[in-house]
file protein03.txt (compact mmCIF, C-alpha atoms and all ligand atoms)
# COMPACT_ATOMS: atom_id res chain seq x y z
CA MET A 1 0.00 0.00 0.00
CA ASN A 2 1.49 3.32 -1.05
CA ILE A 3 0.22 6.68 0.07
CA GLN A 4 -0.05 7.93 -3.50
CA THR A 5 -2.53 5.18 -4.35
CA GLU A 6 -4.63 5.40 -1.20
CA ILE A 7 -8.06 6.79 -1.87
CA THR A 8 -9.03 10.02 -0.17
CA LYS A 9 -12.51 9.89 1.27
CA THR A 10 -13.01 13.64 1.33
CA SER A 11 -14.49 14.75 -1.95
CA GLY A 12 -12.35 17.32 -3.77
CA ALA A 13 -9.41 17.06 -1.37
CA ASP A 14 -5.90 15.75 -1.92
CA TYR A 15 -5.86 14.09 1.51
CA ASP A 16 -8.29 13.46 4.30
CA ALA A 17 -5.80 14.74 6.83
CA VAL A 18 -2.48 16.55 6.96
CA VAL A 19 -0.34 15.97 10.05
CA ILE A 20 2.53 18.32 10.81
CA GLY A 21 5.33 16.77 12.85
CA ALA A 22 6.86 13.32 13.22
CA GLY A 23 7.49 13.38 16.96
CA PHE A 24 5.53 11.40 19.53
CA GLY A 25 2.37 13.42 18.80
CA GLY A 26 2.51 13.44 15.00
CA LEU A 27 3.40 9.76 14.67
CA TYR A 28 0.52 8.78 16.90
CA ALA A 29 -1.87 10.99 14.92
CA VAL A 30 -0.82 9.36 11.63
CA HIS A 31 -1.26 5.92 13.19
CA LYS A 32 -4.72 6.72 14.56
CA LEU A 33 -6.00 8.43 11.43
CA ARG A 34 -4.48 6.16 8.81
CA ASN A 35 -4.10 2.73 10.41
CA GLU A 36 -7.18 2.79 12.61
CA GLN A 37 -9.59 5.07 10.76
CA GLY A 38 -8.51 4.31 7.20
CA LEU A 39 -7.97 7.93 6.20
CA ASN A 40 -5.53 9.04 3.57
CA VAL A 41 -2.93 11.02 5.49
CA ARG A 42 0.03 13.14 4.48
CA GLY A 43 2.57 13.97 7.14
CA TYR A 44 5.22 16.68 6.95
CA ASP A 45 8.30 17.33 9.02
CA SER A 46 11.12 19.77 8.46
CA ALA A 47 13.46 17.17 9.95
CA SER A 48 14.90 14.45 7.72
CA ASP A 49 13.27 11.57 9.59
CA VAL A 50 11.01 10.64 12.49
CA GLY A 51 11.79 11.56 16.10
CA GLY A 52 10.70 15.18 16.54
CA THR A 53 12.46 16.65 19.56
CA TRP A 54 14.72 13.63 19.66
CA TRP A 55 15.76 14.01 16.04
CA TRP A 56 16.85 17.60 16.66
CA ASN A 57 18.33 17.42 20.16
CA ARG A 58 21.41 15.30 19.53
CA TYR A 59 23.71 17.23 21.81
CA PRO A 60 26.04 15.26 24.09
CA GLY A 61 24.34 14.26 27.30
CA ALA A 62 20.75 14.59 25.99
CA LEU A 63 18.60 12.50 28.28
CA SER A 64 14.96 12.06 29.22
CA ASP A 65 13.85 13.10 32.66
CA THR A 66 10.86 10.80 32.60
CA GLU A 67 11.83 7.30 33.61
CA SER A 68 12.50 4.78 30.85
CA TYR A 69 9.54 2.53 31.52
CA VAL A 70 7.01 5.34 31.03
CA TYR A 71 8.69 7.52 28.39
CA ARG A 72 7.07 5.51 25.60
CA TYR A 73 3.71 4.93 23.96
CA SER A 74 1.15 3.24 26.15
CA PHE A 75 -1.30 2.09 23.48
CA ASP A 76 0.53 -0.91 21.96
CA LYS A 77 1.06 -3.86 24.29
CA GLU A 78 3.39 -5.62 21.85
CA LEU A 79 5.66 -2.58 21.66
CA LEU A 80 5.62 -2.25 25.42
CA GLN A 81 6.79 -5.82 25.90
CA LYS A 82 9.50 -5.39 23.24
CA GLY A 83 10.81 -2.25 24.97
CA ARG A 84 14.52 -2.24 25.79
CA TRP A 85 16.33 -0.05 28.27
CA LYS A 86 19.27 -0.48 30.58
CA THR A 87 19.10 2.58 32.76
CA ARG A 88 16.53 4.54 34.71
CA TYR A 89 16.50 7.38 32.17
CA LEU A 90 16.82 7.12 28.41
CA THR A 91 19.57 8.69 26.35
CA GLN A 92 18.69 10.55 23.15
CA PRO A 93 20.06 7.76 20.88
CA GLU A 94 17.90 5.21 22.72
CA ILE A 95 14.77 7.34 22.32
CA LEU A 96 15.46 7.98 18.65
CA GLU A 97 16.01 4.26 18.11
CA TYR A 98 12.72 3.53 19.86
CA MET A 99 10.86 6.03 17.69
CA ASN A 100 12.38 4.53 14.55
CA GLU A 101 11.22 1.11 15.71
CA VAL A 102 7.70 2.46 16.30
CA ALA A 103 7.68 4.02 12.82
CA ASP A 104 8.76 0.68 11.31
CA HIS A 105 6.37 -1.36 13.41
CA LEU A 106 3.38 0.80 12.40
CA ASP A 107 4.70 1.49 8.89
CA LEU A 108 4.38 5.24 9.43
CA ARG A 109 7.30 6.61 7.44
CA ARG A 110 5.65 6.14 4.07
CA SER A 111 2.97 8.69 4.94
CA TYR A 112 5.56 11.43 5.52
CA LYS A 113 7.36 13.92 3.42
CA PHE A 114 10.51 14.86 5.34
CA ASP A 115 12.80 17.87 4.94
CA THR A 116 9.64 19.81 4.24
CA LYS A 117 8.46 22.73 6.31
CA VAL A 118 4.83 23.75 6.37
CA ASP A 119 4.86 27.48 5.74
CA GLY A 120 1.17 28.17 6.06
CA ALA A 121 -2.29 26.67 6.40
CA HIS A 122 -5.52 28.46 5.57
CA TYR A 123 -9.01 27.18 6.09
CA ASN A 124 -11.29 27.77 3.13
CA GLU A 125 -14.81 28.35 4.43
CA LYS A 126 -16.35 27.72 1.03
CA THR A 127 -14.77 24.32 0.39
CA GLY A 128 -14.49 23.29 4.03
CA LEU A 129 -10.89 22.29 3.39
CA TRP A 130 -7.47 23.34 4.64
CA ASN A 131 -4.98 24.64 2.08
CA VAL A 132 -1.57 23.64 3.35
CA ILE A 133 1.49 25.29 1.81
CA THR A 134 5.02 23.92 2.12
CA ASP A 135 8.44 25.40 1.57
CA SER A 136 8.91 23.11 -1.42
CA GLY A 137 6.20 25.08 -3.20
CA GLU A 138 3.58 22.39 -2.81
CA THR A 139 -0.02 23.23 -1.84
CA VAL A 140 -2.31 20.42 -0.76
CA THR A 141 -5.87 20.35 0.50
CA ALA A 142 -7.24 18.28 3.36
CA LYS A 143 -10.34 18.12 5.52
CA TYR A 144 -8.40 17.79 8.77
CA LEU A 145 -5.21 19.50 9.87
CA VAL A 146 -3.39 18.09 12.89
CA THR A 147 -0.54 20.14 14.29
CA GLY A 148 1.99 18.01 16.16
CA LEU A 149 4.51 20.85 16.18
CA GLY A 150 5.86 20.16 19.63
CA LEU A 151 6.38 22.56 22.47
CA LEU A 152 10.14 22.70 22.15
CA SER A 153 10.83 22.23 18.45
CA ALA A 154 11.49 25.85 17.41
CA THR A 155 15.10 26.86 17.96
CA ASN A 156 15.61 30.22 19.58
CA VAL A 157 18.92 31.59 18.34
CA PRO A 158 19.77 34.54 20.57
CA LYS A 159 20.80 37.78 18.93
CA PHE A 160 23.82 38.47 21.13
CA LYS A 161 25.69 41.61 20.27
CA GLY A 162 28.72 40.64 18.21
CA ILE A 163 27.60 37.06 17.58
CA ASP A 164 28.23 37.46 13.85
CA ASP A 165 31.87 38.33 14.54
CA PHE A 166 32.51 35.20 16.60
CA LYS A 167 35.32 33.28 14.89
CA GLY A 168 34.58 29.89 16.41
CA ARG A 169 31.80 27.45 15.63
CA ILE A 170 28.33 28.20 17.01
CA LEU A 171 26.14 25.23 17.88
CA HIS A 172 22.56 25.14 19.10
CA THR A 173 21.50 22.19 21.22
CA GLY A 174 18.10 22.10 19.51
CA ALA A 175 19.63 21.64 16.05
CA TRP A 176 22.76 19.70 16.88
CA PRO A 177 24.62 18.38 13.83
CA ASP A 178 26.05 14.87 13.69
CA GLY A 179 29.76 14.32 14.04
CA VAL A 180 30.66 17.17 16.41
CA ASP A 181 33.70 16.36 18.55
CA LEU A 182 34.28 18.76 21.43
CA SER A 183 37.29 16.93 22.82
CA ASN A 184 40.29 19.19 23.38
CA LYS A 185 38.31 22.24 22.31
CA ARG A 186 37.76 25.49 24.22
CA VAL A 187 34.03 25.47 24.74
CA GLY A 188 31.62 28.07 26.07
CA ILE A 189 28.12 27.02 27.04
CA ILE A 190 25.40 29.62 27.51
CA GLY A 191 22.53 28.62 29.78
CA THR A 192 22.15 26.32 32.75
CA GLY A 193 18.63 24.98 32.40
CA SER A 194 17.97 21.25 32.02
CA THR A 195 19.63 21.08 28.61
CA GLY A 196 22.53 23.29 29.68
CA VAL A 197 23.23 21.08 32.67
CA GLN A 198 23.16 17.95 30.51
CA VAL A 199 25.53 19.29 27.89
CA ILE A 200 27.85 20.81 30.52
CA THR A 201 28.07 17.48 32.34
CA ALA A 202 28.92 15.63 29.13
CA THR A 203 31.35 18.23 27.80
CA ALA A 204 33.38 18.98 30.94
CA PRO A 205 35.32 15.68 30.93
CA VAL A 206 36.40 15.98 27.28
CA ALA A 207 36.84 19.69 26.57
CA LYS A 208 40.25 21.34 26.89
CA HIS A 209 38.55 24.21 28.70
CA LEU A 210 34.92 24.83 29.49
CA THR A 211 33.39 28.20 30.36
CA VAL A 212 29.78 28.26 31.51
CA PHE A 213 27.81 31.48 31.14
CA GLN A 214 24.99 31.64 33.66
CA ARG A 215 22.55 34.52 33.98
CA SER A 216 20.19 32.97 36.52
CA ALA A 217 21.01 30.04 38.75
CA GLN A 218 18.69 27.06 38.46
CA TYR A 219 17.77 24.47 41.04
CA VAL A 220 19.75 21.45 39.87
CA VAL A 221 19.80 17.96 41.31
CA PRO A 222 21.85 14.89 40.39
CA ILE A 223 20.04 12.79 37.80
CA GLY A 224 20.66 9.48 39.56
CA ASN A 225 20.68 7.57 36.29
CA THR A 226 21.42 4.15 37.64
CA PRO A 227 21.43 0.83 35.74
CA GLN A 228 18.16 -1.08 35.96
CA ASP A 229 18.25 -4.76 36.61
CA ASP A 230 16.28 -7.31 34.59
CA ALA A 231 13.98 -8.14 37.52
CA THR A 232 12.85 -4.50 37.88
CA ILE A 233 12.25 -4.19 34.14
CA ALA A 234 10.31 -7.47 34.08
CA GLU A 235 8.18 -6.27 36.97
CA GLN A 236 7.47 -2.98 35.21
CA LYS A 237 6.51 -4.81 32.02
CA ALA A 238 4.22 -7.15 33.92
CA ASN A 239 2.45 -4.22 35.57
CA TYR A 240 1.80 -1.88 32.67
CA ASP A 241 -1.98 -1.89 33.10
CA SER A 242 -1.74 -0.50 36.62
CA ILE A 243 1.19 1.75 35.72
CA TRP A 244 -0.76 3.48 32.91
CA ASN A 245 -3.80 3.72 35.13
CA GLN A 246 -1.68 5.58 37.70
CA VAL A 247 0.02 7.74 35.04
CA LYS A 248 -3.23 8.77 33.37
CA ASN A 249 -4.80 9.71 36.67
CA SER A 250 -1.84 11.71 37.91
CA VAL A 251 -1.05 15.41 37.58
CA VAL A 252 2.32 15.33 35.83
CA ALA A 253 2.08 11.82 34.29
CA PHE A 254 5.63 10.86 35.21
CA GLY A 255 4.83 7.49 36.75
CA PHE A 256 5.34 8.16 40.44
CA GLU A 257 2.95 8.78 43.27
CA GLU A 258 2.27 12.46 43.74
CA SER A 259 1.50 14.33 46.88
CA VAL A 260 -1.97 15.62 47.59
CA LYS A 261 -0.66 17.80 50.41
CA PRO A 262 -0.68 21.53 49.51
CA ALA A 263 2.72 23.22 49.44
CA GLU A 264 1.37 25.90 51.81
CA THR A 265 1.06 23.32 54.58
CA ALA A 266 4.73 22.30 54.49
CA SER A 267 6.86 23.48 57.38
CA PRO A 268 9.94 25.72 56.87
CA LYS A 269 12.06 22.73 57.94
CA ASN A 270 10.71 20.81 54.97
CA GLY A 271 11.77 23.44 52.49
CA SER A 272 8.82 25.77 52.16
CA GLY A 273 9.38 28.42 54.77
CA SER A 274 7.04 31.31 55.51
CA SER A 275 9.34 33.70 53.66
CA LYS A 276 8.35 32.07 50.39
CA PRO A 277 5.07 32.88 48.70
CA PRO A 278 2.47 30.14 49.15
CA GLY A 279 2.85 27.39 46.59
CA SER A 280 6.24 28.58 45.34
CA ALA A 281 7.96 25.26 45.98
CA ALA A 282 5.58 23.34 43.76
CA VAL A 283 5.82 25.87 40.94
CA VAL A 284 9.59 25.78 41.01
CA SER A 285 9.54 21.99 40.98
CA ILE A 286 7.47 21.68 37.87
CA SER A 287 9.14 24.40 35.87
CA CYS A 288 12.82 23.77 36.36
CA LEU A 289 13.76 20.58 38.06
CA ALA A 290 15.34 17.66 36.35
CA PRO A 291 14.86 14.85 37.00
CA PHE A 292 11.20 15.20 37.87
CA ALA A 293 11.46 12.19 40.13
CA ILE A 294 12.54 14.59 42.85
CA LEU A 295 8.85 15.37 43.12
CA ARG A 296 8.40 11.96 44.69
CA PRO A 297 7.29 11.89 48.30
CA ALA A 298 10.61 10.52 49.51
CA LYS A 299 12.52 13.40 47.91
CA TRP A 300 10.14 16.27 48.25
CA PRO A 301 8.49 17.22 51.50
CA MET A 302 5.11 17.93 49.98
CA MET A 303 4.74 14.37 48.75
CA ARG A 304 3.08 11.38 50.35
CA PRO A 305 5.24 8.47 51.57
CA LEU A 306 5.81 5.72 49.05
CA THR A 307 3.73 2.66 49.63
CA SER A 308 4.08 0.05 46.89
CA SER A 309 7.06 -2.24 46.58
CA ARG A 310 7.41 -1.15 42.96
CA ALA A 311 7.65 2.47 43.98
CA LYS A 312 10.13 1.61 46.71
CA SER A 313 12.36 -0.20 44.27
CA ARG A 314 12.47 2.91 42.12
CA LYS A 315 13.86 5.15 44.83
CA SER A 316 17.33 6.38 43.94
C1 LIG A 401 16.25 17.48 25.84
C2 LIG A 401 14.79 17.24 26.04
C3 LIG A 401 14.38 16.34 27.01
C4 LIG A 401 13.03 16.09 27.21
N1 LIG A 401 12.67 15.18 28.14
C5 LIG A 401 11.37 14.93 28.34
C6 LIG A 401 10.98 13.96 29.28
O1 LIG A 401 11.79 13.33 29.93
N2 LIG A 401 9.66 13.74 29.47
C7 LIG A 401 8.72 14.44 28.75
O2 LIG A 401 7.53 14.20 28.95
N3 LIG A 401 9.08 15.35 27.83
C8 LIG A 401 10.37 15.60 27.60
N4 LIG A 401 10.72 16.52 26.66
C9 LIG A 401 9.67 17.22 25.92
C10 LIG A 401 9.47 16.59 24.55
O3 LIG A 401 9.50 17.64 23.65
C11 LIG A 401 8.16 15.81 24.50
O4 LIG A 401 8.22 14.75 25.44
C12 LIG A 401 7.85 15.17 23.16
O5 LIG A 401 8.98 14.60 22.54
C13 LIG A 401 7.16 16.17 22.25
O6 LIG A 401 6.63 15.46 21.15
P1 LIG A 401 5.79 16.20 20.06
O7 LIG A 401 5.42 15.21 19.02
O8 LIG A 401 4.69 16.95 20.71
O9 LIG A 401 6.76 17.31 19.46
P2 LIG A 401 8.23 17.22 18.88
O10 LIG A 401 8.91 15.99 19.27
O11 LIG A 401 8.88 18.53 19.19
O12 LIG A 401 7.99 17.15 17.30
C14 LIG A 401 7.54 18.25 16.57
C15 LIG A 401 8.01 18.10 15.15
O13 LIG A 401 7.30 19.04 14.34
C16 LIG A 401 8.16 19.53 13.36
N5 LIG A 401 7.67 20.82 12.92
C17 LIG A 401 7.40 21.91 13.69
N6 LIG A 401 6.95 22.91 12.91
C18 LIG A 401 6.93 22.43 11.64
C19 LIG A 401 6.55 23.00 10.39
N7 LIG A 401 6.08 24.23 10.29
N8 LIG A 401 6.67 22.22 9.27
C20 LIG A 401 7.12 20.94 9.35
N9 LIG A 401 7.49 20.36 10.52
C21 LIG A 401 7.39 21.11 11.64
C22 LIG A 401 9.52 19.63 14.04
O14 LIG A 401 10.57 19.55 13.08
C23 LIG A 401 9.49 18.42 14.97
O15 LIG A 401 10.16 17.33 14.40
C24 LIG A 401 12.07 16.78 26.43
C25 LIG A 401 12.47 17.69 25.46
C26 LIG A 401 13.82 17.92 25.26
C27 LIG A 401 14.23 18.91 24.19
call {"tool": "encode", "arguments": {"input": "protein03.txt", "output": "structure tokens", "more": "lines below"}}
Ligand SMILES: Cc1cc2nc3c(=O)[nH]c(=O)nc-3n(C[C@H](O)[C@H](O)[C@H](O)COP(=O)(O)OP(=O)(O)OC[C@H]3O[C@@H](n4cnc5c(N)ncnc54)[C@H](O)[C@@H]3O)c2cc1C
result
Amino acid sequence: MNIQTEITKTSGADYDAVVIGAGFGGLYAVHKLRNEQGLNVRGYDSASDVGGTWWWNRYPGALSDTESYVYRYSFDKELLQKGRWKTRYLTQPEILEYMNEVADHLDLRRSYKFDTKVDGAHYNEKTGLWNVITDSGETVTAKYLVTGLGLLSATNVPKFKGIDDFKGRILHTGAWPDGVDLSNKRVGIIGTGSTGVQVITATAPVAKHLTVFQRSAQYVVPIGNTPQDDATIAEQKANYDSIWNQVKNSVVAFGFEESVKPAETASPKNGSGSSKPPGSAAVVSISCLAPFAILRPAKWPMMRPLTSSRAKSRKS
């Protein structure tokens, strides 16, 4: 079955649906619309292949901060049982490999046109169709437009004064080229958020000299990326029904038990003193901490104590 020969059900349209993005969101949309609902779908991504965020963010040290057993699709039991990981958090190459396997398993790649940016989409009230325009000069029509653009896929290249005069190589973590070797180089890293911390940690041991430029200090904790033994992984795989039930009924969907105790009720001793505005601890946690597992009860005072043996085994 080839996308060109699939029949579009929407009268007068090139496709039933256009999906922008081949990350977790876009791939799932193509699967649902094409494989399950039988629609003729065209996907676009400005990247050269599937992966979304994980195709672009190839910088050294790139790592998930959701634990390996839950940073994956929940809908396919076969894929879940085939899942492979060795450590508590996944490295970027492992995630990209997983997404390639998903694309193969569900035969998704053939619905995509890669290296193609969608430049515009306009809804035509008269025809009831979307006109989707790409940077290759193509315009296609579709009844449905699904935007799986991602929340972190646009690179923000800062306009520092004098940046154009810099004689060295400028790299952006969100568009990291293959084959970069920073060993024995003088490296400057700007920014100390989650990504900055990851790339700093990976670059420091190999660079000749590393300078870190930090405007605002972040709250940083050790990742605790320990190896996971086969028994733990087997237990996780055997318990996916209850794991997804917990994840889907939780606030941050990271696979650990969350506190129901308001931050305002925590004592100063537990890290939320009266000098801080009510609720500030929780806000800080969600916006800047990596790994998010610090939000667990055992690590964070506002959280309930761990109860299950599975949860206990996942304490770092
Ligand atoms: C370093 C890093 C670590 C992260 N760790 C975690 C984690 O541990 N847990 C977690 O839950 N989340 C994490 N995230 C967030 C991550 O972005 C999401 O988990 C998820 O990958 C987003 O998937 P997505 O499909 O929504 O978007 P993306 O994966 O961003 O995919 C969007 C795609 O759309 C394409 N696109 C955008 N605009 C256009 C256009 N106009 N035309 C064509 N194509 C376009 C982009 O090229 C991109 O490939 C992390 C992000 C980063 C960068």
call {"tool": "residues_near_ligand", "arguments": {"input": "protein03.txt", "ligand": "ligand LIG 401 (chain A)", "cutoff": "6 Å", "atoms": "only C-alpha atoms and all ligand atoms", "output": "MDAnalysis selection string"}}
result
chainID A and resid 20:26 44:47 52:53 57 62:66 116:119 148:153 195
call {"tool": "closest_residue", "arguments": {"input": "protein03.txt", "among": "A:Ala175, A:Val180, A:Val187, A:Ile223", "to": "Tyr89 of chain A", "atoms": "all atoms listed in the file"}}
result
A:Ile223
call {"tool": "residues_around", "arguments": {"input": "protein03.txt", "residues": "segment 234-243 of chain A", "least_positions_apart": "3", "cutoff": "7 Å", "atoms": "only C-alpha atoms", "output": "VMD selection string"}}
result
chain A and resid 69 81 230 to 231 246 to 247 255
call {"tool": "atom_distance", "arguments": {"input": "protein03.txt", "atom1": "atom CA of Ala17 of chain A", "atom2": "atom CA of Arg42 of chain A"}}
result
6.5 Å
call {"tool": "closest_residue", "arguments": {"input": "protein03.txt", "among": "A:Ser74, A:Gly38, A:Val132, A:Tyr59", "to": "Lys248 of chain A", "atoms": "all atoms listed in the file"}}
result
A:Ser74
call {"tool": "closest_residue", "arguments": {"input": "protein03.txt", "among": "A:Ala154, A:Ser68, A:Leu145, A:Thr134", "to": "Phe254 of chain A", "atoms": "all atoms listed in the file"}}
result
A:Ser68
call {"tool": "closest_residue", "arguments": {"input": "protein03.txt", "among": "A:Gly120, A:His209, A:Asn184, A:Val199", "to": "His172 of chain A", "atoms": "all atoms listed in the file"}}
result
A:Val199
call {"tool": "residues_around", "arguments": {"input": "protein03.txt", "residues": "Lys82 of chain A", "least_positions_apart": "3", "cutoff": "12 Å", "atoms": "all atoms listed in the file", "output": "PyMOL selection string"}}
result
chain A and resi 69+72-73+76-79+85+98+101-102+105+233-234+237
call {"tool": "decode", "arguments": {"input": "protein03.txt", "residues": "segment 142-179 of chain A", "atoms": "C-alpha atoms", "output": "short mmCIF file (atom, residue, chain, number, x, y, z; two decimals), in the first residue's frame"}}
result
data_model
loop_
_atom_site.label_atom_id
_atom_site.label_comp_id
_atom_site.auth_asym_id
_atom_site.auth_seq_id
_atom_site.Cartn_x
_atom_site.Cartn_y
_atom_site.Cartn_z
CA ALA A 142 -7.24 18.28 3.36
CA LYS A 143 -10.34 18.12 5.52
CA TYR A 144 -8.40 17.79 8.77
CA LEU A 145 -5.21 19.50 9.87
CA VAL A 146 -3.39 18.09 12.89
CA THR A 147 -0.54 20.14 14.29
CA GLY A 148 1.99 18.01 16.16
CA LEU A 149 4.51 20.85 16.18
CA GLY A 150 5.86 20.16 19.63
CA LEU A 151 6.38 22.56 22.47
CA LEU A 152 10.14 22.70 22.15
CA SER A 153 10.83 22.23 18.45
CA ALA A 154 11.49 25.85 17.41
CA THR A 155 15.10 26.86 17.96
CA ASN A 156 15.61 30.22 19.58
CA VAL A 157 18.92 31.59 18.34
CA PRO A 158 19.77 34.54 20.57
CA LYS A 159 20.80 37.78 18.93
CA PHE A 160 23.82 38.47 21.13
CA LYS A 161 25.69 41.61 20.27
CA GLY A 162 28.72 40.64 18.21
CA ILE A 163 27.60 37.06 17.58
CA ASP A 164 28.23 37.46 13.85
CA ASP A 165 31.87 38.33 14.54
CA PHE A 166 32.51 35.20 16.60
CA LYS A 167 35.32 33.28 14.89
CA GLY A 168 34.58 29.89 16.41
CA ARG A 169 31.80 27.45 15.63
CA ILE A 170 28.33 28.20 17.01
CA LEU A 171 26.14 25.23 17.88
CA HIS A 172 22.56 25.14 19.10
CA THR A 173 21.50 22.19 21.22
CA GLY A 174 18.10 22.10 19.51
CA ALA A 175 19.63 21.64 16.05
CA TRP A 176 22.76 19.70 16.88
CA PRO A 177 24.62 18.38 13.83
CA ASP A 178 26.05 14.87 13.69
CA GLY A 179 29.76 14.32 14.04
#
